[in-house]
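Trainee: One structure coming up, written as structure tokens, with questions to follow.
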Amino acid sequence: YKFHRWAFVKMGSSIMRNVKLCTRCNFTTVDPLTGEKHKSGEPLKTLRTFRSTLDKEEKKEYGTSPFFGVNLGVHTEGSVSVKDKIYIKMTK
């Protein structure tokens with residue numbers, strides 16, 4: 001996954017900018033029916049094995065939180081339609 005390197009995303013005539021990485025929090029370890037935390041810390045325990053950063057600077061900010069995407073902010077307002085092509089501009 002390289003979404004952490006997305007600088008901009010263009011969908012239709014709308015352009016979004018990458019604001020920050022999106023991580024999974026401890027709330028995902030809570031059973032919605034009982035309100036109890038999973039004793040082994042799942043699913044975060046497993047997600048940390050392949051969705052956490054290896055970058056030293058990101059690790060300082062996000063620790064071992066697994067990434068699931070990016071939070072996008074509107075750069076240029078526009079319209080988005082079904083079947084629009086999506087373009088991504090990557091950072092270095």
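We name chains A, B, ... following the order of the structure tokens; residues begin at 1 in each chain, and ligands are numbered from 1 as shown.
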List every residue of region 7-84 of chain A that DSSP, applied to the backbone, labels as strand (DSSP E), and write the result as a PyMOL selection string.
Mentor: chain A and resi 7-11+14-23+67-76
Trainee: For the helix (DSSP H, G or I) assignment from backbone DSSP, which residues of chain A qualify? Please present them as a ChimeraX atom specification.
Mentor: /A:3-5,26-29,44-51,56-62
Trainee: Write the residues of the preceding selection, restricted to N, CA, C and O atoms, as a PDB file, in the first residue's frame.
Mentor:
```pdb
ATOM      1  N   PHE A   3      -0.798   4.494  -0.174  1.00  0.00           N
ATOM      2  CA  PHE A   3      -1.683   5.646  -0.039  1.00  0.00           C
ATOM      3  C   PHE A   3      -1.116   6.722   0.871  1.00  0.00           C
ATOM      4  O   PHE A   3      -1.515   7.874   0.794  1.00  0.00           O
ATOM      5  N   HIS A   4      -0.172   6.370   1.733  1.00  0.00           N
ATOM      6  CA  HIS A   4       0.459   7.377   2.590  1.00  0.00           C
ATOM      7  C   HIS A   4       1.295   8.354   1.766  1.00  0.00           C
ATOM      8  O   HIS A   4       1.623   9.423   2.240  1.00  0.00           O
ATOM      9  N   ARG A   5       1.598   7.993   0.517  1.00  0.00           N
ATOM     10  CA  ARG A   5       2.370   8.861  -0.366  1.00  0.00           C
ATOM     11  C   ARG A   5       1.497   9.611  -1.365  1.00  0.00           C
ATOM     12  O   ARG A   5       1.999  10.289  -2.236  1.00  0.00           O
ATOM     13  N   ASN A  26      -8.184   1.701  19.176  1.00  0.00           N
ATOM     14  CA  ASN A  26      -8.547   0.602  20.077  1.00  0.00           C
ATOM     15  C   ASN A  26     -10.034   0.277  20.062  1.00  0.00           C
ATOM     16  O   ASN A  26     -10.437  -0.802  20.485  1.00  0.00           O
ATOM     17  N   PHE A  27     -10.845   1.195  19.564  1.00  0.00           N
ATOM     18  CA  PHE A  27     -12.288   0.954  19.517  1.00  0.00           C
ATOM     19  C   PHE A  27     -12.613  -0.294  18.701  1.00  0.00           C
ATOM     20  O   PHE A  27     -13.618  -0.949  18.950  1.00  0.00           O
ATOM     21  N   THR A  28     -11.769  -0.624  17.743  1.00  0.00           N
ATOM     22  CA  THR A  28     -12.016  -1.813  16.913  1.00  0.00           C
ATOM     23  C   THR A  28     -11.877  -3.107  17.704  1.00  0.00           C
ATOM     24  O   THR A  28     -12.266  -4.162  17.220  1.00  0.00           O
ATOM     25  N   THR A  29     -11.317  -3.037  18.906  1.00  0.00           N
ATOM     26  CA  THR A  29     -11.163  -4.235  19.734  1.00  0.00           C
ATOM     27  C   THR A  29     -12.381  -4.486  20.623  1.00  0.00           C
ATOM     28  O   THR A  29     -12.412  -5.457  21.369  1.00  0.00           O
ATOM     29  N   LEU A  44      -6.563  -5.501  16.126  1.00  0.00           N
ATOM     30  CA  LEU A  44      -5.369  -4.658  16.020  1.00  0.00           C
ATOM     31  C   LEU A  44      -4.066  -5.448  16.106  1.00  0.00           C
ATOM     32  O   LEU A  44      -3.103  -5.125  15.420  1.00  0.00           O
ATOM     33  N   LYS A  45      -4.053  -6.471  16.929  1.00  0.00           N
ATOM     34  CA  LYS A  45      -2.835  -7.279  17.070  1.00  0.00           C
ATOM     35  C   LYS A  45      -2.394  -7.837  15.714  1.00  0.00           C
ATOM     36  O   LYS A  45      -1.230  -7.738  15.334  1.00  0.00           O
ATOM     37  N   THR A  46      -3.322  -8.386  14.966  1.00  0.00           N
ATOM     38  CA  THR A  46      -3.006  -8.935  13.645  1.00  0.00           C
ATOM     39  C   THR A  46      -2.704  -7.823  12.648  1.00  0.00           C
ATOM     40  O   THR A  46      -1.740  -7.913  11.884  1.00  0.00           O
ATOM     41  N   LEU A  47      -3.497  -6.749  12.649  1.00  0.00           N
ATOM     42  CA  LEU A  47      -3.277  -5.653  11.711  1.00  0.00           C
ATOM     43  C   LEU A  47      -1.906  -5.011  11.874  1.00  0.00           C
ATOM     44  O   LEU A  47      -1.281  -4.600  10.897  1.00  0.00           O
ATOM     45  N   ARG A  48      -1.407  -4.939  13.097  1.00  0.00           N
ATOM     46  CA  ARG A  48      -0.079  -4.349  13.333  1.00  0.00           C
ATOM     47  C   ARG A  48       1.036  -5.142  12.650  1.00  0.00           C
ATOM     48  O   ARG A  48       2.091  -4.597  12.368  1.00  0.00           O
ATOM     49  N   THR A  49       0.801  -6.409  12.368  1.00  0.00           N
ATOM     50  CA  THR A  49       1.845  -7.237  11.755  1.00  0.00           C
ATOM     51  C   THR A  49       2.082  -6.893  10.289  1.00  0.00           C
ATOM     52  O   THR A  49       3.132  -7.214   9.749  1.00  0.00           O
ATOM     53  N   PHE A  50       1.114  -6.234   9.635  1.00  0.00           N
ATOM     54  CA  PHE A  50       1.318  -5.926   8.218  1.00  0.00           C
ATOM     55  C   PHE A  50       0.791  -4.562   7.779  1.00  0.00           C
ATOM     56  O   PHE A  50       0.928  -4.208   6.610  1.00  0.00           O
ATOM     57  N   ARG A  51       0.220  -3.764   8.685  1.00  0.00           N
ATOM     58  CA  ARG A  51      -0.300  -2.453   8.300  1.00  0.00           C
ATOM     59  C   ARG A  51       0.334  -1.298   9.085  1.00  0.00           C
ATOM     60  O   ARG A  51      -0.101  -0.166   8.956  1.00  0.00           O
ATOM     61  N   LYS A  56      10.691   5.651  10.290  1.00  0.00           N
ATOM     62  CA  LYS A  56      11.022   6.118  11.642  1.00  0.00           C
ATOM     63  C   LYS A  56      10.255   7.376  12.038  1.00  0.00           C
ATOM     64  O   LYS A  56       9.803   7.501  13.178  1.00  0.00           O
ATOM     65  N   GLU A  57      10.095   8.332  11.112  1.00  0.00           N
ATOM     66  CA  GLU A  57       9.380   9.575  11.418  1.00  0.00           C
ATOM     67  C   GLU A  57       7.889   9.309  11.655  1.00  0.00           C
ATOM     68  O   GLU A  57       7.295   9.864  12.574  1.00  0.00           O
ATOM     69  N   GLU A  58       7.290   8.474  10.810  1.00  0.00           N
ATOM     70  CA  GLU A  58       5.877   8.133  10.994  1.00  0.00           C
ATOM     71  C   GLU A  58       5.678   7.366  12.295  1.00  0.00           C
ATOM     72  O   GLU A  58       4.690   7.560  12.994  1.00  0.00           O
ATOM     73  N   LYS A  59       6.626   6.502  12.637  1.00  0.00           N
ATOM     74  CA  LYS A  59       6.525   5.714  13.867  1.00  0.00           C
ATOM     75  C   LYS A  59       6.528   6.621  15.097  1.00  0.00           C
ATOM     76  O   LYS A  59       5.836   6.359  16.077  1.00  0.00           O
ATOM     77  N   LYS A  60       7.288   7.736  15.043  1.00  0.00           N
ATOM     78  CA  LYS A  60       7.300   8.697  16.154  1.00  0.00           C
ATOM     79  C   LYS A  60       5.906   9.287  16.363  1.00  0.00           C
ATOM     80  O   LYS A  60       5.474   9.500  17.487  1.00  0.00           O
ATOM     81  N   GLU A  61       5.210   9.570  15.260  1.00  0.00           N
ATOM     82  CA  GLU A  61       3.895  10.197  15.348  1.00  0.00           C
ATOM     83  C   GLU A  61       2.766   9.203  15.590  1.00  0.00           C
ATOM     84  O   GLU A  61       1.848   9.475  16.354  1.00  0.00           O
ATOM     85  N   TYR A  62       2.817   8.041  14.948  1.00  0.00           N
ATOM     86  CA  TYR A  62       1.696   7.109  14.991  1.00  0.00           C
ATOM     87  C   TYR A  62       1.948   5.841  15.806  1.00  0.00           C
ATOM     88  O   TYR A  62       1.029   5.056  16.013  1.00  0.00           O
TER      89      TYR A  62
END
```
Trainee: Contacts of Met90 (chain A) at 8 Å or less, counting only C-alpha atoms, minus same-chain residues fewer than 3 places along, as a PDB file with N, CA, C and O atoms, in the first residue's frame?
Mentor:
```pdb
ATOM      1  N   ARG A   5       1.598   7.993   0.517  1.00  0.00           N
ATOM      2  CA  ARG A   5       2.370   8.861  -0.366  1.00  0.00           C
ATOM      3  C   ARG A   5       1.497   9.611  -1.365  1.00  0.00           C
ATOM      4  O   ARG A   5       1.999  10.289  -2.236  1.00  0.00           O
ATOM      5  N   TRP A   6       0.173   9.485  -1.248  1.00  0.00           N
ATOM      6  CA  TRP A   6      -0.716  10.223  -2.126  1.00  0.00           C
ATOM      7  C   TRP A   6      -0.683  11.700  -1.739  1.00  0.00           C
ATOM      8  O   TRP A   6      -0.990  12.058  -0.610  1.00  0.00           O
ATOM      9  N   ALA A   7      -0.328  12.580  -2.661  1.00  0.00           N
ATOM     10  CA  ALA A   7      -0.355  14.017  -2.393  1.00  0.00           C
ATOM     11  C   ALA A   7      -1.749  14.557  -2.714  1.00  0.00           C
ATOM     12  O   ALA A   7      -2.345  15.285  -1.928  1.00  0.00           O
ATOM     13  N   PHE A   8      -2.271  14.184  -3.896  1.00  0.00           N
ATOM     14  CA  PHE A   8      -3.585  14.629  -4.345  1.00  0.00           C
ATOM     15  C   PHE A   8      -4.321  13.476  -5.013  1.00  0.00           C
ATOM     16  O   PHE A   8      -3.699  12.589  -5.589  1.00  0.00           O
TER      17      PHE A   8
END
```
Trainee: Set the distance at 6 Å and use only C-alpha atoms: which residues neighbour region 81-88 of chain A once local chain neighbours fewer than 6 positions away are removed? I'd like the list as a PDB file with C-alpha atoms, in the first residue's frame.
Mentor:
```pdb
ATOM      1  CA  PHE A   8      -3.585  14.629  -4.345  1.00  0.00           C
ATOM      2  CA  VAL A   9      -6.509  12.558  -5.622  1.00  0.00           C
ATOM      3  CA  LYS A  10      -8.623  13.746  -8.575  1.00  0.00           C
ATOM      4  CA  MET A  11     -12.091  12.268  -9.052  1.00  0.00           C
ATOM      5  CA  GLY A  12     -14.246  13.810 -11.760  1.00  0.00           C
TER       6      GLY A  12
END
```
Trainee: Check the smallest atom-to-atom distance from each of A:Lys39, A:Asp55, A:Asn18, A:Arg24 to Val74 (chain A) using only C-alpha atoms, then report the winner.
Mentor: A:Asn18
Trainee: Suppose you want the space between CA of Val70 (chain A) and CA of Glu42 (chain A); what is it in Å?
Mentor: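 CA of Val70 (chain A) sits 22.0 Å away from CA of Glu42 (chain A).
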Trainee: For Leu21 (chain A), which residue out of A:Thr53, A:His75, A:Val80, A:Lys92 is the nearest one, using only C-alpha atoms?
Mentor: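 Between A:Thr53, A:His75, A:Val80, A:Lys92, the residue approaching Leu21 (chain A) most closely is A:Thr53.
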